[in-house]
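Text of protein.cif (mmCIF, C-alpha atoms and all ligand atoms) as supplied:
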data_entry
#
loop_
_atom_site.group_PDB
_atom_site.id
_atom_site.type_symbol
_atom_site.label_atom_id
_atom_site.label_comp_id
_atom_site.auth_asym_id
_atom_site.auth_seq_id
_atom_site.Cartn_x
_atom_site.Cartn_y
_atom_site.Cartn_z
ATOM 1 C CA MET A 1 59.613 59.477 114.232
ATOM 2 C CA ASP A 2 61.767 59.537 111.133
ATOM 3 C CA PRO A 3 60.625 56.552 109.026
ATOM 4 C CA ALA A 4 64.248 55.616 108.293
ATOM 5 C CA SER A 5 64.981 55.145 111.983
ATOM 6 C CA ARG A 6 61.743 53.353 112.835
ATOM 7 C CA PRO A 7 62.361 49.750 113.950
ATOM 8 C CA ALA A 8 61.295 47.133 111.393
ATOM 9 C CA THR A 9 59.331 45.172 113.975
ATOM 10 C CA THR A 10 57.354 45.945 117.099
ATOM 11 C CA VAL A 11 57.256 43.437 119.940
ATOM 12 C CA LEU A 12 54.644 43.600 122.701
ATOM 13 C CA VAL A 13 56.092 42.351 125.998
ATOM 14 C CA VAL A 14 53.454 41.274 128.530
ATOM 15 C CA GLU A 15 54.846 40.445 131.959
ATOM 16 C CA ASP A 16 53.689 41.596 135.399
ATOM 17 C CA GLU A 17 57.094 41.332 137.057
ATOM 18 C CA PRO A 18 58.588 44.786 136.344
ATOM 19 C CA LEU A 19 62.228 43.648 136.411
ATOM 20 C CA ILE A 20 61.666 40.850 133.890
ATOM 21 C CA ASN A 21 59.477 43.086 131.726
ATOM 22 C CA GLN A 22 62.158 45.763 131.624
ATOM 23 C CA ALA A 23 65.040 43.320 131.065
ATOM 24 C CA VAL A 24 63.228 41.656 128.142
ATOM 25 C CA GLY A 25 62.292 45.047 126.683
ATOM 26 C CA ASP A 26 65.821 46.411 126.983
ATOM 27 C CA ARG A 27 67.319 43.359 125.328
ATOM 28 C CA LEU A 28 64.833 43.395 122.433
ATOM 29 C CA ARG A 29 65.446 47.121 121.913
ATOM 30 C CA ALA A 30 69.181 46.412 121.817
ATOM 31 C CA GLU A 31 68.412 43.897 119.041
ATOM 32 C CA GLY A 32 66.742 46.660 117.042
ATOM 33 C CA HIS A 33 63.089 45.896 117.747
ATOM 34 C CA GLY A 34 60.530 48.448 118.796
ATOM 35 C CA VAL A 35 59.097 47.444 122.186
ATOM 36 C CA VAL A 36 55.751 48.105 123.857
ATOM 37 C CA SER A 37 55.212 46.926 127.448
ATOM 38 C CA ALA A 38 52.083 45.753 129.239
ATOM 39 C CA TYR A 39 51.716 44.438 132.788
ATOM 40 C CA ASP A 40 48.286 42.783 132.946
ATOM 41 C CA GLY A 41 45.686 41.084 130.755
ATOM 42 C CA PRO A 42 43.450 44.049 129.866
ATOM 43 C CA GLY A 43 46.508 46.272 129.328
ATOM 44 C CA ALA A 44 47.954 43.707 126.937
ATOM 45 C CA VAL A 45 44.847 43.610 124.737
ATOM 46 C CA ALA A 46 44.623 47.422 124.724
ATOM 47 C CA ALA A 47 48.311 47.750 123.782
ATOM 48 C CA PHE A 48 47.831 45.138 121.045
ATOM 49 C CA ASP A 49 44.998 47.159 119.524
ATOM 50 C CA GLU A 50 46.865 50.428 119.796
ATOM 51 C CA HIS A 51 50.319 49.393 118.560
ATOM 52 C CA GLN A 52 49.627 46.463 116.171
ATOM 53 C CA PRO A 53 52.761 44.517 117.177
ATOM 54 C CA ASP A 54 54.452 41.976 114.902
ATOM 55 C CA LEU A 55 55.045 39.551 117.762
ATOM 56 C CA VAL A 56 53.918 39.122 121.375
ATOM 57 C CA VAL A 57 56.011 37.812 124.289
ATOM 58 C CA LEU A 58 53.360 36.718 126.772
ATOM 59 C CA ASP A 59 53.600 35.603 130.383
ATOM 60 C CA VAL A 60 50.926 33.076 131.436
ATOM 61 C CA MET A 61 50.176 34.237 134.989
ATOM 62 C CA LEU A 62 48.956 37.826 134.845
ATOM 63 C CA PRO A 63 46.637 40.058 136.870
ATOM 64 C CA GLY A 64 43.269 40.930 135.333
ATOM 65 C CA PHE A 65 42.976 37.909 133.094
ATOM 66 C CA ASP A 66 45.718 35.442 132.252
ATOM 67 C CA GLY A 67 47.970 34.987 129.234
ATOM 68 C CA LEU A 68 45.729 32.285 127.760
ATOM 69 C CA GLU A 69 42.810 34.677 127.620
ATOM 70 C CA VAL A 70 45.068 37.412 126.199
ATOM 71 C CA CYS A 71 46.225 34.968 123.529
ATOM 72 C CA ARG A 72 42.670 33.999 122.592
ATOM 73 C CA ARG A 73 41.520 37.595 122.374
ATOM 74 C CA ILE A 74 44.400 38.876 120.273
ATOM 75 C CA GLN A 75 44.348 35.867 117.920
ATOM 76 C CA GLN A 76 40.675 36.579 117.266
ATOM 77 C CA ARG A 77 41.612 40.049 116.110
ATOM 78 C CA ARG A 78 44.585 39.183 113.926
ATOM 79 C CA PRO A 79 46.952 36.201 113.653
ATOM 80 C CA VAL A 80 50.237 37.139 115.300
ATOM 81 C CA PRO A 81 53.150 34.991 116.505
ATOM 82 C CA VAL A 82 53.107 34.499 120.276
ATOM 83 C CA LEU A 83 56.009 33.348 122.434
ATOM 84 C CA MET A 84 54.550 32.223 125.753
ATOM 85 C CA LEU A 85 56.543 32.387 128.989
ATOM 86 C CA THR A 86 55.663 29.422 131.195
ATOM 87 C CA ALA A 87 56.502 28.806 134.834
ATOM 88 C CA ARG A 88 57.065 25.076 134.463
ATOM 89 C CA ASP A 89 58.289 22.815 131.701
ATOM 90 C CA ASP A 90 55.125 20.683 131.660
ATOM 91 C CA GLU A 91 52.890 23.756 131.525
ATOM 92 C CA ALA A 92 53.646 24.002 127.798
ATOM 93 C CA ASP A 93 51.977 20.597 127.256
ATOM 94 C CA VAL A 94 48.807 21.850 128.878
ATOM 95 C CA LEU A 95 48.840 25.076 126.873
ATOM 96 C CA VAL A 96 49.376 23.306 123.558
ATOM 97 C CA GLY A 97 46.524 20.953 124.443
ATOM 98 C CA LEU A 98 44.243 23.924 125.027
ATOM 99 C CA GLY A 99 45.041 25.198 121.551
ATOM 100 C CA VAL A 100 45.177 28.853 122.526
ATOM 101 C CA GLY A 101 47.308 29.628 119.493
ATOM 102 C CA ALA A 102 50.746 30.289 120.957
ATOM 103 C CA ASP A 103 53.561 29.369 118.583
ATOM 104 C CA ASP A 104 56.363 28.692 120.988
ATOM 105 C CA TYR A 105 57.055 28.365 124.693
ATOM 106 C CA LEU A 106 59.936 29.344 126.916
ATOM 107 C CA THR A 107 60.195 28.102 130.494
ATOM 108 C CA LYS A 108 61.280 30.465 133.262
ATOM 109 C CA PRO A 109 63.995 31.111 134.186
ATOM 110 C CA PHE A 110 65.361 31.616 130.678
ATOM 111 C CA ARG A 111 68.489 33.184 129.295
ATOM 112 C CA MET A 112 68.021 36.408 127.336
ATOM 113 C CA ARG A 113 70.082 34.935 124.524
ATOM 114 C CA GLU A 114 67.554 32.114 124.224
ATOM 115 C CA LEU A 115 64.639 34.551 124.173
ATOM 116 C CA VAL A 116 66.269 36.645 121.447
ATOM 117 C CA ALA A 117 66.909 33.500 119.377
ATOM 118 C CA ARG A 118 63.292 32.361 119.703
ATOM 119 C CA VAL A 119 61.944 35.790 118.769
ATOM 120 C CA ALA A 120 64.189 35.913 115.694
ATOM 121 C CA ALA A 121 63.146 32.385 114.697
ATOM 122 C CA LEU A 122 59.437 33.190 115.018
ATOM 123 C CA LEU A 123 59.797 36.321 112.911
ATOM 124 C CA ARG A 124 61.715 34.373 110.244
ATOM 125 C CA ARG A 125 59.035 31.725 110.283
ATOM 126 C CA VAL A 126 56.284 34.250 109.677
ATOM 127 C CA GLU A 127 58.267 35.684 106.789
ATOM 128 C CA ARG A 128 58.789 32.196 105.346
ATOM 129 C CA ALA A 129 55.111 31.327 105.738
ATOM 130 C CA GLN A 130 54.138 34.528 103.940
ATOM 131 C CA GLN A 131 56.562 33.689 101.158
ATOM 132 C CA LEU A 132 55.112 30.170 100.836
ATOM 133 C CA VAL A 133 51.636 31.631 100.608
ATOM 134 C CA ARG A 134 52.775 34.046 97.908
ATOM 135 C CA GLU A 135 54.397 31.211 95.959
ATOM 136 C CA ALA A 136 51.395 28.927 96.370
ATOM 137 C CA ALA A 137 49.070 31.732 95.334
ATOM 138 C CA ALA A 138 51.204 32.413 92.258
ATOM 139 C CA LYS A 139 50.649 28.936 90.841
ATOM 140 C CA PRO A 140 47.255 27.257 90.576
ATOM 141 C CA GLY A 141 46.534 24.252 92.757
ATOM 142 C CA GLY A 142 48.997 24.702 95.628
ATOM 143 C CA VAL A 143 47.282 21.723 97.199
ATOM 144 C CA VAL A 144 48.792 18.593 98.731
ATOM 145 C CA ALA A 145 46.576 15.506 98.870
ATOM 146 C CA LEU A 146 47.625 12.532 100.932
ATOM 147 C CA GLY A 147 45.470 9.563 101.875
ATOM 148 C CA GLY A 148 42.301 11.437 102.798
ATOM 149 C CA LEU A 149 44.140 14.544 103.966
ATOM 150 C CA ARG A 150 44.119 17.649 101.814
ATOM 151 C CA LEU A 151 46.250 20.725 102.510
ATOM 152 C CA ASP A 152 45.695 24.016 100.708
ATOM 153 C CA LEU A 153 49.074 25.720 101.134
ATOM 154 C CA GLY A 154 47.906 29.098 99.880
ATOM 155 C CA ALA A 155 44.820 29.337 102.056
ATOM 156 C CA ARG A 156 46.501 27.365 104.864
ATOM 157 C CA ARG A 157 43.424 25.165 105.238
ATOM 158 C CA THR A 158 43.172 21.440 105.889
ATOM 159 C CA TRP A 159 40.514 18.836 105.155
ATOM 160 C CA LEU A 160 40.198 15.286 106.398
ATOM 161 C CA LEU A 161 37.848 13.159 104.267
ATOM 162 C CA ASP A 162 36.165 16.373 103.019
ATOM 163 C CA ALA A 163 35.541 17.767 106.504
ATOM 164 C CA GLU A 164 37.589 20.843 107.315
ATOM 165 C CA VAL A 165 40.017 20.462 110.225
ATOM 166 C CA HIS A 166 40.871 23.621 112.129
ATOM 167 C CA LEU A 167 44.597 23.665 112.890
ATOM 168 C CA THR A 168 46.591 26.337 114.667
ATOM 169 C CA PRO A 169 49.311 27.981 112.520
ATOM 170 C CA THR A 170 51.960 25.854 114.231
ATOM 171 C CA GLU A 171 50.013 22.618 113.744
ATOM 172 C CA PHE A 172 49.572 23.488 110.064
ATOM 173 C CA ASP A 173 53.309 24.131 109.615
ATOM 174 C CA LEU A 174 54.105 20.876 111.405
ATOM 175 C CA LEU A 175 51.715 18.949 109.152
ATOM 176 C CA CYS A 176 53.264 20.598 106.063
ATOM 177 C CA ALA A 177 56.744 19.556 107.207
ATOM 178 C CA LEU A 178 55.609 15.967 107.766
ATOM 179 C CA ALA A 179 53.668 15.936 104.471
ATOM 180 C CA SER A 180 56.745 17.087 102.570
ATOM 181 C CA ALA A 181 58.220 13.627 103.172
ATOM 182 C CA PRO A 182 55.315 11.190 103.615
ATOM 183 C CA GLY A 183 56.234 7.865 105.205
ATOM 184 C CA GLN A 184 59.707 9.113 106.115
ATOM 185 C CA VAL A 185 60.793 9.560 109.680
ATOM 186 C CA LEU A 186 61.664 13.159 110.471
ATOM 187 C CA THR A 187 63.722 13.647 113.610
ATOM 188 C CA ARG A 188 62.496 15.977 116.317
ATOM 189 C CA GLU A 189 65.563 18.111 115.689
ATOM 190 C CA ARG A 190 64.724 18.468 112.016
ATOM 191 C CA LEU A 191 61.117 19.337 112.788
ATOM 192 C CA LEU A 192 62.330 21.925 115.301
ATOM 193 C CA ALA A 193 64.538 23.463 112.642
ATOM 194 C CA GLU A 194 61.903 23.376 109.885
ATOM 195 C CA VAL A 195 58.825 24.391 111.820
ATOM 196 C CA TRP A 196 60.211 26.502 114.637
ATOM 197 C CA GLY A 197 63.419 27.603 112.976
ATOM 198 C CA TRP A 198 65.698 26.891 115.885
ATOM 199 C CA ASP A 199 68.209 24.301 117.025
ATOM 200 C CA GLY A 200 67.097 22.124 119.898
ATOM 201 C CA GLY A 201 68.532 22.633 123.340
ATOM 202 C CA ALA A 202 67.706 20.653 126.456
ATOM 203 C CA GLY A 203 63.969 20.050 126.635
ATOM 204 C CA ALA A 204 63.337 21.700 123.285
ATOM 205 C CA THR A 205 62.001 18.526 121.695
ATOM 206 C CA ARG A 206 59.105 18.610 124.151
ATOM 207 C CA THR A 207 57.695 21.417 122.041
ATOM 208 C CA VAL A 208 57.559 19.036 119.068
ATOM 209 C CA ASP A 209 55.996 16.240 121.132
ATOM 210 C CA SER A 210 53.307 18.543 122.495
ATOM 211 C CA HIS A 211 52.322 19.825 119.076
ATOM 212 C CA VAL A 212 52.327 16.333 117.536
ATOM 213 C CA LYS A 213 49.968 15.276 120.307
ATOM 214 C CA ALA A 214 47.640 18.162 119.521
ATOM 215 C CA LEU A 215 47.851 17.470 115.779
ATOM 216 C CA ARG A 216 47.002 13.785 116.326
ATOM 217 C CA SER A 217 43.904 14.682 118.282
ATOM 218 C CA LYS A 218 42.663 16.549 115.205
ATOM 219 C CA ILE A 219 43.713 14.374 112.258
ATOM 220 C CA GLY A 220 43.680 10.931 113.931
ATOM 221 C CA ALA A 221 46.302 9.355 116.164
ATOM 222 C CA ASP A 222 47.273 6.651 113.660
ATOM 223 C CA ARG A 223 48.209 9.142 110.958
ATOM 224 C CA VAL A 224 51.374 10.269 112.716
ATOM 225 C CA ARG A 225 53.680 7.385 113.591
ATOM 226 C CA THR A 226 56.106 7.707 116.506
ATOM 227 C CA VAL A 227 59.553 6.230 116.102
ATOM 228 C CA HIS A 228 60.692 6.127 119.697
ATOM 229 C CA GLY A 229 63.820 8.083 120.399
ATOM 230 C CA VAL A 230 63.969 9.323 116.796
ATOM 231 C CA GLY A 231 60.998 11.288 115.575
ATOM 232 C CA TYR A 232 57.753 11.177 113.645
ATOM 233 C CA ALA A 233 56.426 10.141 110.260
ATOM 234 C CA LEU A 234 53.182 10.952 108.493
ATOM 235 C CA GLU A 235 51.542 7.729 107.382
ATOM 236 C CA ALA A 236 50.426 7.882 103.766
ATOM 237 C CA VAL A 237 47.309 5.818 104.551
HETATM 238 CA CA CA B 1 53.526 36.507 135.945
#

Could you take the file, read its structure, and then write that structure out as C-alpha cells?
Amino acid sequence: MDPASRPATTVLVVEDEPLINQAVGDRLRAEGHGVVSAYDGPGAVAAFDEHQPDLVVLDVMLPGFDGLEVCRRIQQRRPVPVLMLTARDDEADVLVGLGVGADDYLTKPFRMRELVARVAALLRRVERAQQLVREAAAKPGGVVALGGLRLDLGARRTWLLDAEVHLTPTEFDLLCALASAPGQVLTRERLLAEVWGWDGGAGATRTVDSHVKALRSKIGADRVRTVHGVGYALEAV
C-alpha cells in the first residue's frame, strides 16, 4: 500500500455476530481507520499479533475464549486501549472489578455514532498520555506526592506508603485527575471529560463510579471521598 494512503490507525474489531462486526468495521473505515476483523477469542489474539492494532473493540461473549481472556492476553503483550462491548449495563461494573485492563465500556445495543465518539476519545487519550509522559520525562522529578501516595507521571507508577500499587492505565489517569486538585470535588462529568475524553450521556457516569470503586480497593476506600450526587474528591490525608 502507498504509505501516503495508509490509515493513521488500525482498529481490531472482535465480535462473533457477523452483522455487528461488519457494521462496526464499515463505520470505522468510513472514519478513516484501518480495520481488522476477528470473530472468536483465539482469532482475536492471532490478529492482534499479526496486525499490531492501535485500539481494540472487543465483545465480551465470544467463542473459543471470552473477551476478558482476550483482553488479558493482549495486554500482557503490549498496552493497547480496549473498548469493551457489554451485553448489560451492570456487566461493566463486574469487568472493572476484575481489572482486565479495558479502558471503556459500551452497552449493547449502541449507536454507531456513540461507538465512533468513544473510539476517537480513547485514541486522543492515548496521545495525551504519551504527551504527558514526554513532558514529564523532559523535566526531572515529574512526581506528585500526596499524603502517603506518590505518583511518578513519567513512569506511570504509583506507591502507597512505599509499597508499589499496580493500577490499570485508566485507574492511573483517574488518580492523576483527582490528584491535580486534591481536596476539591470533581464532578463525574468533569472526570469523564478529563479521563475518558467524552461528554456524559445517560448511564455514562457509571463508568466513573466503577473505576473509582476499583481505585479505592487499591489505594484505600477513605482516600477518595464521595459527594453524593456530585462527584469525588481525593483526600489529602
Ligand atoms: Ca458475542

query = Using the chain letters and numbers from the file, which residues does the PyMOL selection byres (((chain A and resi 206) around 9) and not hetatm) grab, as a list of chain:residue names?
reply = A:Asp89, A:Asp90, A:Ala92, A:Asp93, A:Arg188, A:Gly203, A:Ala204, A:Thr205, A:Thr207, A:Val208, A:Asp209, A:Ser210, A:His211

Written file, previous selection with C-alpha atoms, as a PDB file, in the frame of the given file:
ATOM      1  CA  ASP A  89      58.289  22.815 131.701  1.00  0.00           C
ATOM      2  CA  ASP A  90      55.125  20.683 131.660  1.00  0.00           C
ATOM      3  CA  ALA A  92      53.646  24.002 127.798  1.00  0.00           C
ATOM      4  CA  ASP A  93      51.977  20.597 127.256  1.00  0.00           C
ATOM      5  CA  ARG A 188      62.496  15.977 116.317  1.00  0.00           C
ATOM      6  CA  GLY A 203      63.969  20.050 126.635  1.00  0.00           C
ATOM      7  CA  ALA A 204      63.337  21.700 123.285  1.00  0.00           C
ATOM      8  CA  THR A 205      62.001  18.526 121.695  1.00  0.00           C
ATOM      9  CA  THR A 207      57.695  21.417 122.041  1.00  0.00           C
ATOM     10  CA  VAL A 208      57.559  19.036 119.068  1.00  0.00           C
ATOM     11  CA  ASP A 209      55.996  16.240 121.132  1.00  0.00           C
ATOM     12  CA  SER A 210      53.307  18.543 122.495  1.00  0.00           C
ATOM     13  CA  HIS A 211      52.322  19.825 119.076  1.00  0.00           C
TER      14      HIS A 211
END

request  = One decimal, Å: what's the distance from CA of Val45 in chain A over to CA of Asn21 in chain A, could you say?
outcome  = 16.2 Å

Each side padded by 4 Å, which centre and which edge lengths in Å (one decimal) define the axis-aligned box around the listed atoms of range 36-54 of chain A? Give them as lines of an AutoDock Vina configuration file.
center_x = 49.6
center_y = 45.8
center_z = 123.9
size_x = 20.3
size_y = 17.3
size_z = 26.0

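The closest residue to ligand CA 1 (chain B), picked from A:Arg223, A:Arg78, A:Arg150, A:Lys108 and counting all atoms listed in the file, is A:Lys108.
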
task = With the file shown as input, list the residues that the PyMOL selection byres (((chain A and resi 215) around 12) and not hetatm) selects, as a PyMOL selection string.
result = chain A and resi 96-99+158+165-176+178+208-214+216-225+232+234

Kindly save the residues from that selection, with C-alpha atoms included, as a compact mmCIF listing (two decimals), in the coordinates of the input.
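After the write, result_13.txt holds the following:
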# COMPACT_ATOMS: atom_id res chain seq x y z
CA VAL A 96 49.38 23.31 123.56
CA GLY A 97 46.52 20.95 124.44
CA LEU A 98 44.24 23.92 125.03
CA GLY A 99 45.04 25.20 121.55
CA THR A 158 43.17 21.44 105.89
CA VAL A 165 40.02 20.46 110.22
CA HIS A 166 40.87 23.62 112.13
CA LEU A 167 44.60 23.66 112.89
CA THR A 168 46.59 26.34 114.67
CA PRO A 169 49.31 27.98 112.52
CA THR A 170 51.96 25.85 114.23
CA GLU A 171 50.01 22.62 113.74
CA PHE A 172 49.57 23.49 110.06
CA ASP A 173 53.31 24.13 109.62
CA LEU A 174 54.10 20.88 111.40
CA LEU A 175 51.72 18.95 109.15
CA CYS A 176 53.26 20.60 106.06
CA LEU A 178 55.61 15.97 107.77
CA VAL A 208 57.56 19.04 119.07
CA ASP A 209 56.00 16.24 121.13
CA SER A 210 53.31 18.54 122.50
CA HIS A 211 52.32 19.82 119.08
CA VAL A 212 52.33 16.33 117.54
CA LYS A 213 49.97 15.28 120.31
CA ALA A 214 47.64 18.16 119.52
CA ARG A 216 47.00 13.78 116.33
CA SER A 217 43.90 14.68 118.28
CA LYS A 218 42.66 16.55 115.20
CA ILE A 219 43.71 14.37 112.26
CA GLY A 220 43.68 10.93 113.93
CA ALA A 221 46.30 9.36 116.16
CA ASP A 222 47.27 6.65 113.66
CA ARG A 223 48.21 9.14 110.96
CA VAL A 224 51.37 10.27 112.72
CA ARG A 225 53.68 7.38 113.59
CA TYR A 232 57.75 11.18 113.64
CA LEU A 234 53.18 10.95 108.49

task = Please evaluate the PyMOL selection byres (((not hetatm)) within 6 of (chain B and resi 1)) against the displayed coordinates and give the resulting residues as a list in words.
result =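 Applying the PyMOL selection byres (((not hetatm)) within 6 of (chain B and resi 1)) to the structure shown produces Glu15, Asp16, Asp59, Met61 and Leu62 of chain A.
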
Atoms to include: C-alpha atoms. Write the selected residues as a compact mmCIF listing (two decimals), in the coordinates of the input.
# COMPACT_ATOMS: atom_id res chain seq x y z
CA GLU A 15 54.85 40.44 131.96
CA ASP A 16 53.69 41.60 135.40
CA ASP A 59 53.60 35.60 130.38
CA MET A 61 50.18 34.24 134.99
CA LEU A 62 48.96 37.83 134.84

remark   = Judged by only C-alpha atoms, the minimum distance to Glu91 in chain A among A:Arg77, A:Trp159, A:Gly148, A:Val60 is found for A:Val60

request  = For range 33-37 of chain A, please output as an MDAnalysis selection string all residues within 12 Å (counting all atoms listed in the file; exclusion window: fewer than 5 positions along the same chain).
outcome  = chainID A and resid 1 5:28 43:59 116 119:120 123

ask   = Do you have the CA of Ala129 in chain A-CA of Leu161 in chain A distance handy?
value = 25.1 Å

query = With distances taken over all atoms listed in the file, which of A:Arg113, A:Arg156, A:Arg125, A:Arg29 is nearest to Pro81 in chain A?
reply = A:Arg125

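Minimum atom-to-atom distance to Glu114 in chain A, evaluated using all atoms listed in the file, belongs to A:Leu83 out of A:Val94, A:Leu83, A:Leu160, A:Ile74.
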
request  = Write out as a PyMOL selection string the residues lying within 9 Å of Trp198 in chain A, counting all atoms listed in the file and excluding same-chain residues fewer than 2 positions away.
outcome  = chain A and resi 117-118+121-122+189+192-196+200

query = In Å, with one decimal, what is the gap from CA of Met84 in chain A to CA of Asp104 in chain A?
reply =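 So the two atoms, CA of Met84 in chain A and CA of Asp104 in chain A, lie 6.2 Å apart.
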
key: Residue nearest Gly147 in chain A - candidates A:Leu85, A:Val227, A:Glu235, A:Leu186, atoms counted: only C-alpha atoms   =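 Looking only at the distances to Gly147 in chain A, the closest residue turns out to be A:Glu235.
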
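Minimum atom-to-atom distances from A:Thr86, A:Val80, A:Tyr39, A:Met112 to Pro63 in chain A were compared using only C-alpha atoms, and the lowest value belongs to A:Tyr39.
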